[in-house]
Each structure stands twice: as structure tokens, then as C-alpha cells.
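Q: Below is protein.pdb; it holds PDB, C-alpha atoms, pLDDT in the B column.
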```pdb
MODEL        1
ATOM      1  CA  MET A   1     -12.354  23.294 -12.797  1.00 92.00           C
ATOM      2  CA  LYS A   2     -15.473  24.669 -11.117  1.00 94.00           C
ATOM      3  CA  VAL A   3     -17.467  22.154  -9.047  1.00 94.00           C
ATOM      4  CA  ILE A   4     -20.466  22.176  -6.719  1.00 93.00           C
ATOM      5  CA  ILE A   5     -19.673  20.342  -3.501  1.00 91.00           C
ATOM      6  CA  ARG A   6     -22.412  17.752  -2.836  1.00 88.00           C
ATOM      7  CA  LYS A   7     -21.141  16.428   0.528  1.00 85.00           C
ATOM      8  CA  ASP A   8     -19.046  18.140   3.167  1.00 83.00           C
ATOM      9  CA  VAL A   9     -15.366  17.661   2.339  1.00 85.00           C
ATOM     10  CA  PRO A  10     -13.145  18.529   5.331  1.00 81.00           C
ATOM     11  CA  ALA A  11     -10.269  20.172   3.444  1.00 84.00           C
ATOM     12  CA  LEU A  12     -12.430  21.769   0.766  1.00 89.00           C
ATOM     13  CA  GLY A  13     -15.769  23.066   2.012  1.00 86.00           C
ATOM     14  CA  LYS A  14     -19.396  22.419   2.888  1.00 83.00           C
ATOM     15  CA  ALA A  15     -22.170  21.030   0.720  1.00 83.00           C
ATOM     16  CA  GLY A  16     -23.602  23.578  -1.697  1.00 84.00           C
ATOM     17  CA  GLU A  17     -20.494  25.700  -2.094  1.00 88.00           C
ATOM     18  CA  VAL A  18     -19.077  26.310  -5.551  1.00 91.00           C
ATOM     19  CA  LYS A  19     -15.297  25.874  -5.543  1.00 93.00           C
ATOM     20  CA  ASN A  20     -12.543  26.069  -8.088  1.00 94.00           C
ATOM     21  CA  VAL A  21     -10.349  22.946  -7.789  1.00 94.00           C
ATOM     22  CA  ARG A  22      -7.583  21.365  -9.813  1.00 95.00           C
ATOM     23  CA  ASP A  23      -8.742  19.249 -12.720  1.00 94.00           C
ATOM     24  CA  GLY A  24      -7.074  16.050 -11.470  1.00 94.00           C
ATOM     25  CA  TYR A  25      -8.515  16.391  -7.963  1.00 93.00           C
ATOM     26  CA  ALA A  26     -12.010  16.798  -9.368  1.00 93.00           C
ATOM     27  CA  ARG A  27     -11.711  14.135 -12.050  1.00 94.00           C
ATOM     28  CA  ASN A  28      -9.927  11.473  -9.961  1.00 95.00           C
ATOM     29  CA  TYR A  29     -11.304  12.019  -6.458  1.00 93.00           C
ATOM     30  CA  LEU A  30     -14.367  14.256  -6.087  1.00 93.00           C
ATOM     31  CA  LEU A  31     -16.437  13.255  -9.124  1.00 93.00           C
ATOM     32  CA  PRO A  32     -16.039   9.438  -8.893  1.00 95.00           C
ATOM     33  CA  ARG A  33     -16.968   9.483  -5.193  1.00 93.00           C
ATOM     34  CA  ARG A  34     -19.972  11.729  -5.930  1.00 92.00           C
ATOM     35  CA  MET A  35     -18.664  14.334  -3.504  1.00 92.00           C
ATOM     36  CA  ALA A  36     -18.994  17.025  -6.170  1.00 93.00           C
ATOM     37  CA  GLU A  37     -20.445  17.688  -9.601  1.00 92.00           C
ATOM     38  CA  LEU A  38     -19.407  19.969 -12.422  1.00 94.00           C
ATOM     39  CA  ALA A  39     -20.723  23.510 -11.957  1.00 92.00           C
ATOM     40  CA  THR A  40     -22.586  23.943 -15.236  1.00 91.00           C
ATOM     41  CA  ASP A  41     -25.444  26.440 -15.606  1.00 91.00           C
ATOM     42  CA  GLY A  42     -28.030  23.652 -15.469  1.00 91.00           C
ATOM     43  CA  ALA A  43     -26.430  22.051 -12.426  1.00 89.00           C
ATOM     44  CA  LEU A  44     -26.378  25.385 -10.586  1.00 88.00           C
ATOM     45  CA  LYS A  45     -30.101  25.926 -11.328  1.00 89.00           C
ATOM     46  CA  ASN A  46     -30.985  22.420 -10.148  1.00 87.00           C
ATOM     47  CA  TRP A  47     -28.877  22.871  -7.025  1.00 85.00           C
ATOM     48  CA  LYS A  48     -30.721  26.087  -6.139  1.00 85.00           C
ATOM     49  CA  LEU A  49     -34.121  24.479  -6.769  1.00 85.00           C
ATOM     50  CA  GLY A  50     -33.340  21.593  -4.418  1.00 83.00           C
ATOM     51  CA  ALA A  51     -31.977  23.785  -1.628  1.00 82.00           C
ATOM     52  CA  GLN A  52     -35.153  23.673   0.489  1.00 85.00           C
ATOM     53  CA  ARG A  53     -35.465  19.908   0.172  1.00 86.00           C
ATOM     54  CA  ARG A  54     -31.810  19.442   1.186  1.00 81.00           C
ATOM     55  CA  SER A  55     -32.139  21.754   4.183  1.00 85.00           C
ATOM     56  CA  ASP A  56     -35.261  19.859   5.350  1.00 89.00           C
ATOM     57  CA  ARG A  57     -33.417  16.553   4.974  1.00 86.00           C
ATOM     58  CA  ALA A  58     -30.383  17.926   6.857  1.00 85.00           C
ATOM     59  CA  ALA A  59     -32.606  19.163   9.696  1.00 90.00           C
ATOM     60  CA  LYS A  60     -34.281  15.749   9.920  1.00 93.00           C
ATOM     61  CA  GLU A  61     -30.912  13.949   9.950  1.00 89.00           C
ATOM     62  CA  THR A  62     -29.616  16.294  12.646  1.00 90.00           C
ATOM     63  CA  ALA A  63     -32.700  15.686  14.804  1.00 93.00           C
ATOM     64  CA  GLU A  64     -32.312  11.916  14.400  1.00 91.00           C
ATOM     65  CA  ALA A  65     -28.603  12.170  15.246  1.00 90.00           C
ATOM     66  CA  LYS A  66     -29.374  14.184  18.397  1.00 92.00           C
ATOM     67  CA  ALA A  67     -31.918  11.576  19.480  1.00 92.00           C
ATOM     68  CA  LEU A  68     -29.376   8.819  18.866  1.00 90.00           C
ATOM     69  CA  ALA A  69     -26.717  10.752  20.781  1.00 90.00           C
ATOM     70  CA  GLY A  70     -29.102  11.021  23.732  1.00 90.00           C
ATOM     71  CA  LYS A  71     -29.665   7.269  23.697  1.00 89.00           C
ATOM     72  CA  MET A  72     -25.935   6.580  23.482  1.00 88.00           C
ATOM     73  CA  GLU A  73     -24.888   8.777  26.409  1.00 85.00           C
ATOM     74  CA  GLY A  74     -23.538   6.581  29.154  1.00 85.00           C
ATOM     75  CA  LEU A  75     -22.934   3.640  26.805  1.00 90.00           C
ATOM     76  CA  VAL A  76     -19.988   1.508  27.940  1.00 93.00           C
ATOM     77  CA  LEU A  77     -18.408  -0.903  25.467  1.00 93.00           C
ATOM     78  CA  SER A  78     -16.339  -3.675  27.023  1.00 93.00           C
ATOM     79  CA  PHE A  79     -13.523  -5.558  25.336  1.00 93.00           C
ATOM     80  CA  THR A  80     -11.281  -8.331  26.606  1.00 92.00           C
ATOM     81  CA  ARG A  81      -7.857  -8.660  25.003  1.00 91.00           C
ATOM     82  CA  ALA A  82      -4.625 -10.481  25.782  1.00 91.00           C
ATOM     83  CA  ALA A  83      -2.216  -8.129  27.504  1.00 90.00           C
ATOM     84  CA  GLY A  84       1.236  -8.128  29.020  1.00 88.00           C
ATOM     85  CA  GLU A  85       2.000  -7.486  32.657  1.00 87.00           C
ATOM     86  CA  ASP A  86       2.558  -3.768  32.041  1.00 89.00           C
ATOM     87  CA  GLY A  87      -0.994  -3.339  30.681  1.00 86.00           C
ATOM     88  CA  LYS A  88      -0.073  -3.123  27.005  1.00 91.00           C
ATOM     89  CA  LEU A  89      -2.288  -5.119  24.682  1.00 90.00           C
ATOM     90  CA  PHE A  90      -0.789  -7.697  22.338  1.00 90.00           C
ATOM     91  CA  GLY A  91      -3.319  -6.529  19.761  1.00 88.00           C
ATOM     92  CA  SER A  92      -5.427  -3.400  19.762  1.00 90.00           C
ATOM     93  CA  VAL A  93      -8.992  -2.114  19.725  1.00 92.00           C
ATOM     94  CA  GLY A  94      -9.584  -0.205  16.509  1.00 91.00           C
ATOM     95  CA  LYS A  95     -12.359   1.643  14.706  1.00 92.00           C
ATOM     96  CA  SER A  96     -13.919  -1.501  13.280  1.00 92.00           C
ATOM     97  CA  ASP A  97     -14.020  -3.197  16.706  1.00 93.00           C
ATOM     98  CA  ILE A  98     -15.761  -0.176  18.229  1.00 93.00           C
ATOM     99  CA  TRP A  99     -18.157   0.119  15.274  1.00 93.00           C
ATOM    100  CA  LYS A 100     -19.108  -3.579  15.504  1.00 93.00           C
ATOM    101  CA  SER A 101     -19.673  -3.282  19.253  1.00 93.00           C
ATOM    102  CA  VAL A 102     -21.879  -0.193  18.854  1.00 92.00           C
ATOM    103  CA  LYS A 103     -23.845  -1.988  16.140  1.00 92.00           C
ATOM    104  CA  ALA A 104     -24.211  -5.065  18.372  1.00 93.00           C
ATOM    105  CA  SER A 105     -25.601  -2.844  21.136  1.00 91.00           C
ATOM    106  CA  GLY A 106     -28.458  -1.897  18.809  1.00 90.00           C
ATOM    107  CA  HIS A 107     -27.364   1.497  17.450  1.00 90.00           C
ATOM    108  CA  GLU A 108     -26.832   2.100  13.728  1.00 89.00           C
ATOM    109  CA  ILE A 109     -23.927   4.410  12.926  1.00 89.00           C
ATOM    110  CA  ALA A 110     -21.558   4.795   9.988  1.00 88.00           C
ATOM    111  CA  LYS A 111     -18.127   3.258  10.343  1.00 88.00           C
ATOM    112  CA  GLU A 112     -16.595   6.662   9.624  1.00 87.00           C
ATOM    113  CA  ALA A 113     -18.374   8.089  12.676  1.00 88.00           C
ATOM    114  CA  VAL A 114     -15.851   6.507  15.053  1.00 90.00           C
ATOM    115  CA  ASP A 115     -13.251   9.181  15.723  1.00 88.00           C
ATOM    116  CA  ILE A 116     -10.004   7.848  17.155  1.00 90.00           C
ATOM    117  CA  ALA A 117      -6.545   8.974  16.085  1.00 88.00           C
ATOM    118  CA  ALA A 118      -4.921   5.570  16.571  1.00 90.00           C
ATOM    119  CA  PRO A 119      -6.018   2.134  17.782  1.00 91.00           C
ATOM    120  CA  ILE A 120      -6.205   1.746  21.560  1.00 92.00           C
ATOM    121  CA  LYS A 121      -3.360  -0.418  22.865  1.00 92.00           C
ATOM    122  CA  THR A 122      -3.627  -0.202  26.666  1.00 92.00           C
ATOM    123  CA  VAL A 123      -5.844  -1.740  29.325  1.00 93.00           C
ATOM    124  CA  GLY A 124      -8.263   0.628  31.040  1.00 92.00           C
ATOM    125  CA  ASP A 125     -11.021   3.092  30.249  1.00 93.00           C
ATOM    126  CA  THR A 126     -10.939   5.461  27.284  1.00 92.00           C
ATOM    127  CA  ASP A 127     -13.519   7.935  26.011  1.00 93.00           C
ATOM    128  CA  VAL A 128     -14.201   7.813  22.273  1.00 92.00           C
ATOM    129  CA  THR A 129     -16.111  10.426  20.301  1.00 91.00           C
ATOM    130  CA  LEU A 130     -18.639   9.366  17.678  1.00 91.00           C
ATOM    131  CA  ARG A 131     -19.440  12.005  15.041  1.00 89.00           C
ATOM    132  CA  LEU A 132     -23.078  11.275  14.221  1.00 87.00           C
ATOM    133  CA  ALA A 133     -23.859  14.328  12.060  1.00 84.00           C
ATOM    134  CA  GLN A 134     -22.622  17.839  11.396  1.00 81.00           C
ATOM    135  CA  GLY A 135     -22.116  19.298  14.872  1.00 84.00           C
ATOM    136  CA  VAL A 136     -23.629  16.274  16.691  1.00 89.00           C
ATOM    137  CA  THR A 137     -21.325  14.011  18.663  1.00 90.00           C
ATOM    138  CA  ALA A 138     -21.707  11.334  21.294  1.00 91.00           C
ATOM    139  CA  THR A 139     -19.092  10.101  23.721  1.00 92.00           C
ATOM    140  CA  VAL A 140     -18.914   6.441  24.677  1.00 93.00           C
ATOM    141  CA  LYS A 141     -16.632   4.807  27.206  1.00 94.00           C
ATOM    142  CA  ILE A 142     -14.399   1.989  26.015  1.00 93.00           C
ATOM    143  CA  ARG A 143     -13.443  -0.411  28.805  1.00 94.00           C
ATOM    144  CA  ILE A 144     -10.618  -2.804  27.983  1.00 93.00           C
ATOM    145  CA  ALA A 145      -9.793  -5.619  30.372  1.00 92.00           C
ATOM    146  CA  ALA A 146      -6.855  -8.033  30.265  1.00 90.00           C
ATOM    147  CA  LYS A 147      -7.757 -11.595  29.327  1.00 85.00           C
ATOM    148  CA  ALA A 148      -6.977 -14.118  32.055  1.00 71.00           C
ATOM    149  CA  GLN A 149      -4.234 -16.460  30.914  1.00 64.00           C
TER     150      GLN A 149
ENDMDL
END
```
Could the structure of this file be written out as C-alpha cells, please?

A:
Amino acid sequence: MKVIIRKDVPALGKAGEVKNVRDGYARNYLLPRRMAELATDGALKNWKLGAQRRSDRAAKETAEAKALAGKMEGLVLSFTRAAGEDGKLFGSVGKSDIWKSVKASGHEIAKEAVDIAAPIKTVGDTDVTLRLAQGVTATVKIRIAAKAQ
């Protein structure tokens, strides 16, 4: 099935590309999530007509993301968690904890912007990358302290 990718899909391609994908992948994943649309003649014409508007919007979003990244440089997020004597946390600090803390500090980001492979489970400082837009990232320091018992 031929589709036009509407949003960047990591394993598939960038917005605006026309790709040939399996019917089930398009029907069950891409189309319901509005990540792609069927590549009909009318859809291709409309996509080409809106190209300038999309590129202007993308440039504006990138500029806003760069400004936000500049404001977030040097941001330190502190967490206090119960920990054992060896410095291992009894719980963890995950994506949602980091996202809520960034939001509480006055910065609006998407929850998916927090880029950690696994929840943080040790006391100390850790750098976390926030993907704000295509090619725009910010690094924040996560400081986890052991809760006094």
C-alpha cells in the first residue's frame, strides 16, 4: 500500500515521503494514528500544495525549540528517593517523573521528548537528553539524593 508519511516515523521515513508499506502496518498502525495517509492522486496534489506552509511551520517550531533549549541549558532537576546503603534506589526516576519536573519548572515539552533508555535507579547525578524538535536537543542534569530515614 502506498502512503504519504505525515509525521516523522523513526523506522520508516520523514514527513512528506511516499513509501510503500504492508497493508496491515498502514491500516492498523499508521493510518489510525494519523502518521500517514493513503497516497491517492488528490492527496499527492494537496501534499505538494501545502509544502511551503509545512516548511514555514517546521522552521517556526525549530526556532521555538532552539529558544527553549537555550533556556533549559543548565537546568538541574532534583529528586529525593528512598535508597539502600549501596546507593541503589528502592524505586526509580522515570520519564514521567522527569517530564513532570520539567513542566513544574515552567517549560512545556512533550512527554515523548524525554530520552532515557531505562529508569534511573541509582543515587547521584545523571545527564538526560530532551529531544525538543528534529535536530534540537537539550541536556538537563538529574540529581537524585537519598531520603533520610

Q: Counting only C-alpha atoms, give me one row per residue of region 15-115 of chain A with an atom at most 6 Å from an atom of region 125-136 of chain A, showing the shortest contact pair and its distance in Å to one decimal, sorted by chain then residue number, as a tab-separated table.

A:
```
residue	atom	partner	partner_atom	distance
A:Ala65	CA	A:Leu132	CA	5.7
A:Ala113	CA	A:Arg131	CA	4.7
A:Val114	CA	A:Leu130	CA	4.8
A:Asp115	CA	A:Thr129	CA	5.5
```

Q: Expressed in Å to a single decimal, how great is the separation between CA of Glu17 (chain A) and CA of Glu112 (chain A)?

A: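 Result for CA of Glu17 (chain A) versus CA of Glu112 (chain A): 22.7 Å, one decimal.
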
Q: Enter the distance from CA of Lys71 (chain A) to CA of Arg53 (chain A), in Å, rounded to one decimal.

A: 27.3 Å

Q: At what distance in Å, to one decimal, does CA of Pro10 (chain A) lie from CA of Asp23 (chain A)?

A: 18.6 Å

Q: Of the candidates A:Leu77, A:Phe90, A:Ala118, A:Arg6, which one gets nearest to Gly50 (chain A) if we count all atoms listed in the file?

A: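 Among the listed residues, the smallest separation from Gly50 (chain A) belongs to A:Arg6.
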
Q: Could you check which of A:Trp99, A:Trp47, A:Tyr29, A:Phe79 is closest to Lys147 (chain A), using all atoms listed in the file?

A: A:Phe79

Q: Could you list, as a list in words, every residue within 9 Å of Ile4 (chain A), counting all atoms listed in the file and ignoring same-chain residues fewer than 5 positions away?

A: Ala15, Gly16, Glu17, Val18, Lys19, Asn20, Met35, Ala36, Glu37, Leu38, Ala39, Thr40, Ala43, Leu44 and Trp47 of chain A

Q: Using all atoms listed in the file, can you tell me which of A:Ala145, A:Ala11, A:Leu49, A:Ala104 comes closest to Gly84 (chain A)?

A: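 Comparing A:Ala145, A:Ala11, A:Leu49, A:Ala104 against Gly84 (chain A), the winner is A:Ala145.
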